[in-house]
Amino acid sequence: MNTKVIKGRKIVEGIAEGEALVTKEPISFMGSINPKTGYVIERGHEIEGQCLKGKVLVFPRAKGSTGGSYMLYDVVKNGVGPVGIVNVEADSVVVIGAIVADLPMVDKIDIGEIETGDYVVVDGNNGVVKVQKRDNDTMGD
Amino acid sequence: MNTKVIKGRKIVEGIAEGEALVTKEPISFMGSINPKTGYVIERGHEIEGQCLKGKVLVFPRAKGSTGGSYMLYDVVKNGVGPVGIVNVEADSVVVIGAIVADLPMVDKIDIGEIETGDYVVVDGNNGVVKVQKRDNDTMGD
Amino acid sequence: MILTDEEKRMLDGQYGDLVRKSMKILVALGEIYGAEKMLDINNVHSPGVSYRVAGDAGLNFVKDASVAGRFEVPVTLNTIGIDSENWEELGFPRCFALKQLELLQAYHTMGAISTYTCTPYLVGNIPLRGEHVAWGESSAIAFVNSVLGARTNREGGPSALAAGITGKVPAYGYHLDENRKGKYLFKVDIDLKTDRDFAVLGYFAGKIAGTDVPVFEGIKRRPTLENLKALSAAVASSGAVALYHIVGVTPEAPTTEAVIGKQEPIRFGKKEYEEVVAKFSLEGDIDFVVTGCPHCSINEVRRVAQLLAGKKVKADFWICTSRQVKTLADKMGYTEIIREAGAQIVCDTCPVLAPTSSKGYKKLVTNSAKLAHYAPGLWNLKTGLIEIEDCVEAAIKGYWGGKV
Amino acid sequence: MILTDEEKRMLDGQYGDLVRKSMKILVALGEIYGAEKMLDINNVHSPGVSYRVAGDAGLNFVKDASVAGRFEVPVTLNTIGIDSENWEELGFPRCFALKQLELLQAYHTMGAISTYTCTPYLVGNIPLRGEHVAWGESSAIAFVNSVLGARTNREGGPSALAAGITGKVPAYGYHLDENRKGKYLFKVDIDLKTDRDFAVLGYFAGKIAGTDVPVFEGIKRRPTLENLKALSAAVASSGAVALYHIVGVTPEAPTTEAVIGKQEPIRFGKKEYEEVVAKFSLEGDIDFVVTGCPHCSINEVRRVAQLLAGKKVKADFWICTSRQVKTLADKMGYTEIIREAGAQIVCDTCPVLAPTSSKGYKKLVTNSAKLAHYAPGLWNLKTGLIEIEDCVEAAIKGYWGGKV
Ligand code: F3S
Ligand code: F3S
């Protein structure tokens, strides 16, 4: 089982793990996401139509409205939000939402090394992300 | 008849003459003067209680409200205003009022050389002020 | 971070639990971004005031805070989710409105000022050059940092609330000189005249600059306040730009060198302009027209009233503005002209922060790049980014021919 | 002066007589002050809108202009002589009010914006750093030049009208860099906290600086917008100061050297403070209390409402503000609290620009140095310059003990 360990910067403490949902496009929790369903609703976005529920959300950086803090908090509280966040550069609006939602978060990560479907552990205590590649056929070594 | 000729800067064209009303304190046509009567109403002003009507008003510079332009225009139109103005430094608010009131005006004058009661000619075409001292006993030489 | 004794007491809970939690958020933020100390602030503009944004989680968060919390410093409120005075007439759903009013009650209990607008600078909240403030609302952040030269980071609802309770913000990001220099230089090769022109430039630059600082040179004409309002909203929609410079116009950019040194500029010409416009272009029947994102100034309301005088609109037409600007528009007769034309002056809210209308609009035209960007996802419709004159024409005809 | 061809055509009367007369005034001003050219402006704030100021001469001047004149650029109107909505209830004389409304009609015909306030920057008219504008109202001139870093000379009614008609001003005075340097350096030795403190400083400095530029150093606390509003009004009452600098605060004074070089400062300490206050001190029964000169911000109205809550006033108490700020005060319940206490929110006007009340007031207290300066002459009464908290106490008790 080859697991990559990538060192980054810790943003919000706590450990979270789950399937990665990766996009190269910035996300605005206000406007890109429907907080009631956790689906990506931004027209033409790379992961439009995908659902954040239970996923480790991996994206380069945030964009858009400062409403994003409460909307990240709301989507998590609604039980349809991501379990952890990995960024290249953490934007204060997302950080603030993650703090109040106690959502483990790490940035300064080269997100090119993670693909949708990989199994990812977000270690917010040490600012580390562990990636277990999805396409590894031999399960459960 | 000893008449002093003082060279200054022309502000508004035209010739005006009359008795000088001189003060060393700045004047605000909005606040110092009652436009209906031409009397100086500013409490504690050096020439409080005096009337501007028919006088050549001599003061160092303006102060206060930009309402002064229309109030100078109004006091002149009411027939109770000064016939000419002499300043050390002309303030735009007074200049604007004098322009619309066609009131001859000259500045850059050392007003120390003029006393209340002197007979003064304000030559706005050449920026010159002629002063005939009041205390000259032999009248009509 | 080095805290003063007072700040330590706040963090220890000696001033109550809300102050403690607020300081905890601010200290966490400071630690993440390497702030060395806290800064005193005297001015907060709070986002997260629309129930559509706050949601139930935010509503409870603010209600909990309002039990004992009182704002230490003036806090003006951003745009909300309803027109607070005629939401019923405008068809806002009752259940949403009641939750919204509940959220407002919590903010008022804490002493917030009910401006309900994304243009605080148009209703008397004007931070001064170099003043540290805690502002939310991405368009207002870009305006206050760039045009007024005040200093704020992008504050979310919780951090703005924390700043209002404590009068403190961590000294990181745009509060520090070194983070206010330009990163991307843009050379504007075309003559920008209208608010839409500046919106298009902003949308183009925001996408490239992301969270960094764009610098614009080559803008010949001095931009009006409305031009800069449109630019500020656009750069903060396609990106997360909190500060931009316009050489010779904004206070921190007397020359290009002073703010970004030597750099090969990214060109913004006719081609780039049309690419952005092409992203938001549509033709045919128009059922929804909106201007006032960010909220209209009186000059914008006047322009619309002049264009609507004696006309009738076929499409629903919202003119979004602040309650204060509407007061002036009422006095000058513009509200009457607009109402007679069948259009609506909508206060306190806008389509992005209001619940999606049940009228099932299909095609929206606007002169705001921010609205054109958000409306498709939030209201499930197509958007066109056109001039204000064309917006009014489209409203009157209920149709837009689609010329760029 | 070198005029462009377009400007020559305007002066020749090819755009009608009003444009010709307007250019004549502007060219005359330019010639007097040695301007080399005209500047384009896009923003006028017009004084001379109160009938008490314009008088019949001004009324006819503006009515003549309004026959064919239309403003080319946005023109906001300064404070007028009545509360435009409840002048009857407040006892303004009918004949004065009708003349005032006639004057307003003339301005509106030309397209003026009915802001009716001396705080245009609190209601959305915010010129930008370095922007050339044509502003009247001495307090607003000092604020916009000094605090926002825009550029205007002291425009009177006729020149503001001319600028609104032509979109031009002559390039002299504060439009030019060389005239914006400091002339008199003041060292502030005491801790200025309140709006009255800044008013007293302004009154002291205005008398000395006259028409020149004072520079203030030693101000420890960053002044609030309200502090600077009070300072701006005071410097332009005891003097004709159009521009001041506060080292480290206002945009053009990062350091003392940068704006005034080396100079032995004039000290402003406790003694100087008390001398100004002594000029406006009185004791005994108070029959008139006024705050809001310049017009109140929402923070000031809130402060008064907090102090008046549950109380009753004995003296007449005017809280002067703009219509827009009152709209916000209504929504936040402050208007109601103030009315219940027997005090009045008065919009659009103030004692200096309104007709002298027939109530024969004898003793007025205020926290505004400008009002304290003008009221004695205009309303034939004595004035006291005290803190806002003391103003409210005096209103409640109908008495002021006179402690400085
Ligand atoms: S808050 Fe304002 S900036 Fe646009 S999205 Fe709504 S009108
Ligand atoms: S116009 Fe305004 S500045 Fe004072 S004198 Fe009247 S309140």
# chains A, B, ... in the order shown; residues from 1 in each chain; ligands from 1
$ select_by_dssp --residues "region 263-325 of chain C" --states "helix (DSSP H, G or I)" --output "VMD selection string"
chain C and resid 270 to 279 298 to 308 323 to 325
$ calpha_fit_rmsd --fixed "chain A" --moving "chain B"
0.1 Å
$ residues_around --residues "Val53 (chain D)" --least-positions-apart "5" --cutoff "6 Å" --atoms "only C-alpha atoms" --output "list in words"
Gly67 and Met71 of chain B; Gly48 of chain D
$ write_last_selection --atoms "all heavy atoms" --output "mmCIF file, in the first residue's frame"
data_model
loop_
_atom_site.group_PDB
_atom_site.id
_atom_site.type_symbol
_atom_site.label_atom_id
_atom_site.label_comp_id
_atom_site.auth_asym_id
_atom_site.auth_seq_id
_atom_site.Cartn_x
_atom_site.Cartn_y
_atom_site.Cartn_z
ATOM 1 N N GLY B 67 -20.735 80.718 2.152
ATOM 2 C CA GLY B 67 -21.989 81.439 1.893
ATOM 3 C C GLY B 67 -21.687 82.915 1.640
ATOM 4 O O GLY B 67 -22.501 83.664 1.113
ATOM 5 N N MET B 71 -23.817 86.321 -0.034
ATOM 6 C CA MET B 71 -24.220 87.330 0.962
ATOM 7 C C MET B 71 -23.600 88.687 0.648
ATOM 8 O O MET B 71 -24.203 89.734 0.868
ATOM 9 C CB MET B 71 -23.883 86.845 2.384
ATOM 10 C CG MET B 71 -24.742 85.647 2.777
ATOM 11 S SD MET B 71 -24.675 85.204 4.510
ATOM 12 C CE MET B 71 -26.049 86.150 5.163
ATOM 13 N N GLY D 48 -24.633 78.086 -0.848
ATOM 14 C CA GLY D 48 -25.540 79.143 -1.320
ATOM 15 C C GLY D 48 -26.900 78.576 -1.679
ATOM 16 O O GLY D 48 -27.566 79.028 -2.614
#
$ interface_residues --of "chain D" --to "chain C" --cutoff "10 Å" --atoms "only C-alpha atoms" --output "short mmCIF file (atom, residue, chain, number, x, y, z; two decimals) with C-alpha atoms, in the first residue's frame"
data_model
loop_
_atom_site.label_atom_id
_atom_site.label_comp_id
_atom_site.auth_asym_id
_atom_site.auth_seq_id
_atom_site.Cartn_x
_atom_site.Cartn_y
_atom_site.Cartn_z
CA ASN D 42 -16.88 65.75 -12.33
CA ASN D 43 -18.11 66.62 -8.87
CA PRO D 74 -23.26 65.73 -10.50
CA SER D 84 -37.75 70.30 3.96
CA GLU D 85 -40.31 67.84 5.36
CA HIS D 108 -33.61 70.91 -9.14
CA GLY D 111 -30.45 68.73 -12.10
CA ALA D 112 -28.95 69.20 -8.64
CA ILE D 113 -29.03 66.27 -6.18
CA SER D 114 -31.08 67.14 -3.09
CA THR D 115 -28.66 66.00 -0.38
CA THR D 119 -21.63 66.28 5.12
CA PRO D 120 -21.77 65.11 1.47
CA TYR D 121 -19.09 62.52 2.30
CA LEU D 122 -21.53 60.86 4.74
CA VAL D 123 -24.19 60.42 2.05
CA GLY D 124 -22.19 59.00 -0.83
CA ASN D 125 -20.34 61.95 -2.38
CA ILE D 126 -16.72 60.86 -1.84
CA PRO D 127 -14.17 62.43 -4.19
CA LEU D 128 -11.05 60.32 -4.50
CA ARG D 129 -7.42 60.99 -3.65
CA GLY D 130 -6.05 63.65 -6.00
CA GLU D 131 -9.40 64.20 -7.77
CA VAL D 147 -8.91 63.82 4.96
CA LEU D 148 -9.77 62.42 1.51
CA GLY D 149 -6.87 64.15 -0.29
CA ARG D 222 -5.98 58.07 15.59
CA PRO D 223 -8.87 60.56 15.15
CA THR D 224 -12.28 59.20 14.27
CA LEU D 225 -14.23 60.51 11.27
CA GLY D 248 0.75 60.16 10.15
CA VAL D 249 -3.02 60.40 9.65
CA THR D 250 -3.97 62.48 6.61
CA PRO D 251 -2.80 61.18 3.22
CA GLU D 252 -0.34 63.95 2.34
CA SER D 297 -23.16 60.79 11.67
CA ILE D 298 -25.23 57.79 12.83
CA ASN D 299 -22.70 57.22 15.63
CA ARG D 302 -26.87 56.92 18.55
CA ARG D 323 -32.11 63.06 5.67
CA GLN D 324 -30.16 59.85 4.93
CA VAL D 325 -28.76 59.51 8.45
CA LYS D 326 -32.24 60.15 9.83
CA THR D 327 -33.56 57.27 7.69
CA LEU D 328 -31.07 54.98 9.45
CA ALA D 329 -31.90 56.53 12.85
CA LYS D 331 -34.92 52.22 11.41
CA MET D 332 -32.81 51.78 14.55
#
$ residues_near_ligand --ligand "ligand 1" --cutoff "8 Å" --atoms "only C-alpha atoms and all ligand atoms" --output "mmCIF file with N, CA and C atoms, in the first residue's frame"
data_model
loop_
_atom_site.group_PDB
_atom_site.id
_atom_site.type_symbol
_atom_site.label_atom_id
_atom_site.label_comp_id
_atom_site.auth_asym_id
_atom_site.auth_seq_id
_atom_site.Cartn_x
_atom_site.Cartn_y
_atom_site.Cartn_z
ATOM 1 N N ASN C 78 -23.863 44.224 6.422
ATOM 2 C CA ASN C 78 -23.845 44.069 4.971
ATOM 3 C C ASN C 78 -25.255 43.739 4.464
ATOM 4 N N THR C 79 -25.358 43.489 3.187
ATOM 5 C CA THR C 79 -26.641 43.184 2.526
ATOM 6 C C THR C 79 -27.300 41.980 3.175
ATOM 7 N N ILE C 80 -28.639 42.012 3.277
ATOM 8 C CA ILE C 80 -29.389 40.912 3.894
ATOM 9 C C ILE C 80 -30.190 40.174 2.814
ATOM 10 N N THR C 117 -26.255 47.090 3.546
ATOM 11 C CA THR C 117 -25.772 47.372 2.175
ATOM 12 C C THR C 117 -24.316 46.959 2.006
ATOM 13 N N CYS C 118 -23.996 46.609 0.740
ATOM 14 C CA CYS C 118 -22.622 46.224 0.398
ATOM 15 C C CYS C 118 -21.816 47.472 0.005
ATOM 16 N N THR C 119 -22.461 48.658 0.155
ATOM 17 C CA THR C 119 -21.730 49.904 -0.131
ATOM 18 C C THR C 119 -21.704 50.780 1.123
ATOM 19 N N GLU C 137 -17.549 41.396 3.083
ATOM 20 C CA GLU C 137 -18.155 41.748 1.782
ATOM 21 C C GLU C 137 -17.012 42.024 0.795
ATOM 22 N N SER C 138 -16.804 41.059 -0.083
ATOM 23 C CA SER C 138 -15.598 41.081 -0.932
ATOM 24 C C SER C 138 -15.482 42.359 -1.760
ATOM 25 N N SER C 139 -16.605 42.881 -2.260
ATOM 26 C CA SER C 139 -16.519 44.101 -3.091
ATOM 27 C C SER C 139 -16.117 45.304 -2.242
ATOM 28 N N ALA C 140 -16.649 45.348 -1.018
ATOM 29 C CA ALA C 140 -16.348 46.494 -0.141
ATOM 30 C C ALA C 140 -14.896 46.418 0.354
ATOM 31 N N ALA C 233 -16.061 44.856 -7.234
ATOM 32 C CA ALA C 233 -16.933 43.671 -7.114
ATOM 33 C C ALA C 233 -16.442 42.559 -8.037
ATOM 34 N N GLY C 292 -27.269 47.344 -9.938
ATOM 35 C CA GLY C 292 -27.078 47.683 -8.527
ATOM 36 C C GLY C 292 -26.359 46.576 -7.776
ATOM 37 N N CYS C 293 -25.334 45.994 -8.402
ATOM 38 C CA CYS C 293 -24.476 45.001 -7.738
ATOM 39 C C CYS C 293 -23.044 45.414 -8.000
ATOM 40 N N PRO C 294 -22.386 46.076 -7.007
ATOM 41 C CA PRO C 294 -22.892 46.475 -5.697
ATOM 42 C C PRO C 294 -23.992 47.527 -5.769
ATOM 43 N N HIS C 295 -24.644 47.736 -4.659
ATOM 44 C CA HIS C 295 -25.809 48.654 -4.595
ATOM 45 C C HIS C 295 -25.555 49.977 -5.320
ATOM 46 N N CYS C 320 -31.213 47.533 -7.389
ATOM 47 C CA CYS C 320 -30.850 47.278 -5.990
ATOM 48 C C CYS C 320 -30.030 48.437 -5.437
ATOM 49 N N THR C 321 -30.414 48.887 -4.241
ATOM 50 C CA THR C 321 -29.663 49.978 -3.623
ATOM 51 C C THR C 321 -29.854 49.952 -2.118
ATOM 52 N N THR C 349 -31.179 44.215 -0.174
ATOM 53 C CA THR C 349 -30.814 42.866 -0.644
ATOM 54 C C THR C 349 -30.405 42.882 -2.109
ATOM 55 N N CYS C 350 -30.265 41.725 -2.675
ATOM 56 C CA CYS C 350 -29.921 41.570 -4.091
ATOM 57 C C CYS C 350 -30.146 40.093 -4.433
ATOM 58 N N PRO C 351 -30.205 39.766 -5.729
ATOM 59 C CA PRO C 351 -30.509 38.373 -6.093
ATOM 60 C C PRO C 351 -29.535 37.353 -5.486
ATOM 61 N N VAL C 352 -28.258 37.737 -5.324
ATOM 62 C CA VAL C 352 -27.282 36.739 -4.850
ATOM 63 C C VAL C 352 -27.525 36.403 -3.380
ATOM 64 N N LEU C 353 -27.968 37.411 -2.588
ATOM 65 C CA LEU C 353 -28.153 37.158 -1.152
ATOM 66 C C LEU C 353 -29.605 36.875 -0.791
ATOM 67 N N SER C 368 -23.391 44.087 -14.131
ATOM 68 C CA SER C 368 -22.462 43.708 -13.062
ATOM 69 C C SER C 368 -21.832 42.341 -13.329
ATOM 70 N N LYS C 370 -20.116 40.662 -11.232
ATOM 71 C CA LYS C 370 -20.310 39.807 -10.051
ATOM 72 C C LYS C 370 -21.646 39.084 -10.143
ATOM 73 N N LEU C 371 -22.692 39.823 -10.490
ATOM 74 C CA LEU C 371 -24.021 39.207 -10.579
ATOM 75 C C LEU C 371 -24.048 38.200 -11.728
ATOM 76 N N TYR C 374 -22.422 34.988 -10.396
ATOM 77 C CA TYR C 374 -23.082 34.174 -9.367
ATOM 78 C C TYR C 374 -24.483 33.690 -9.762
#
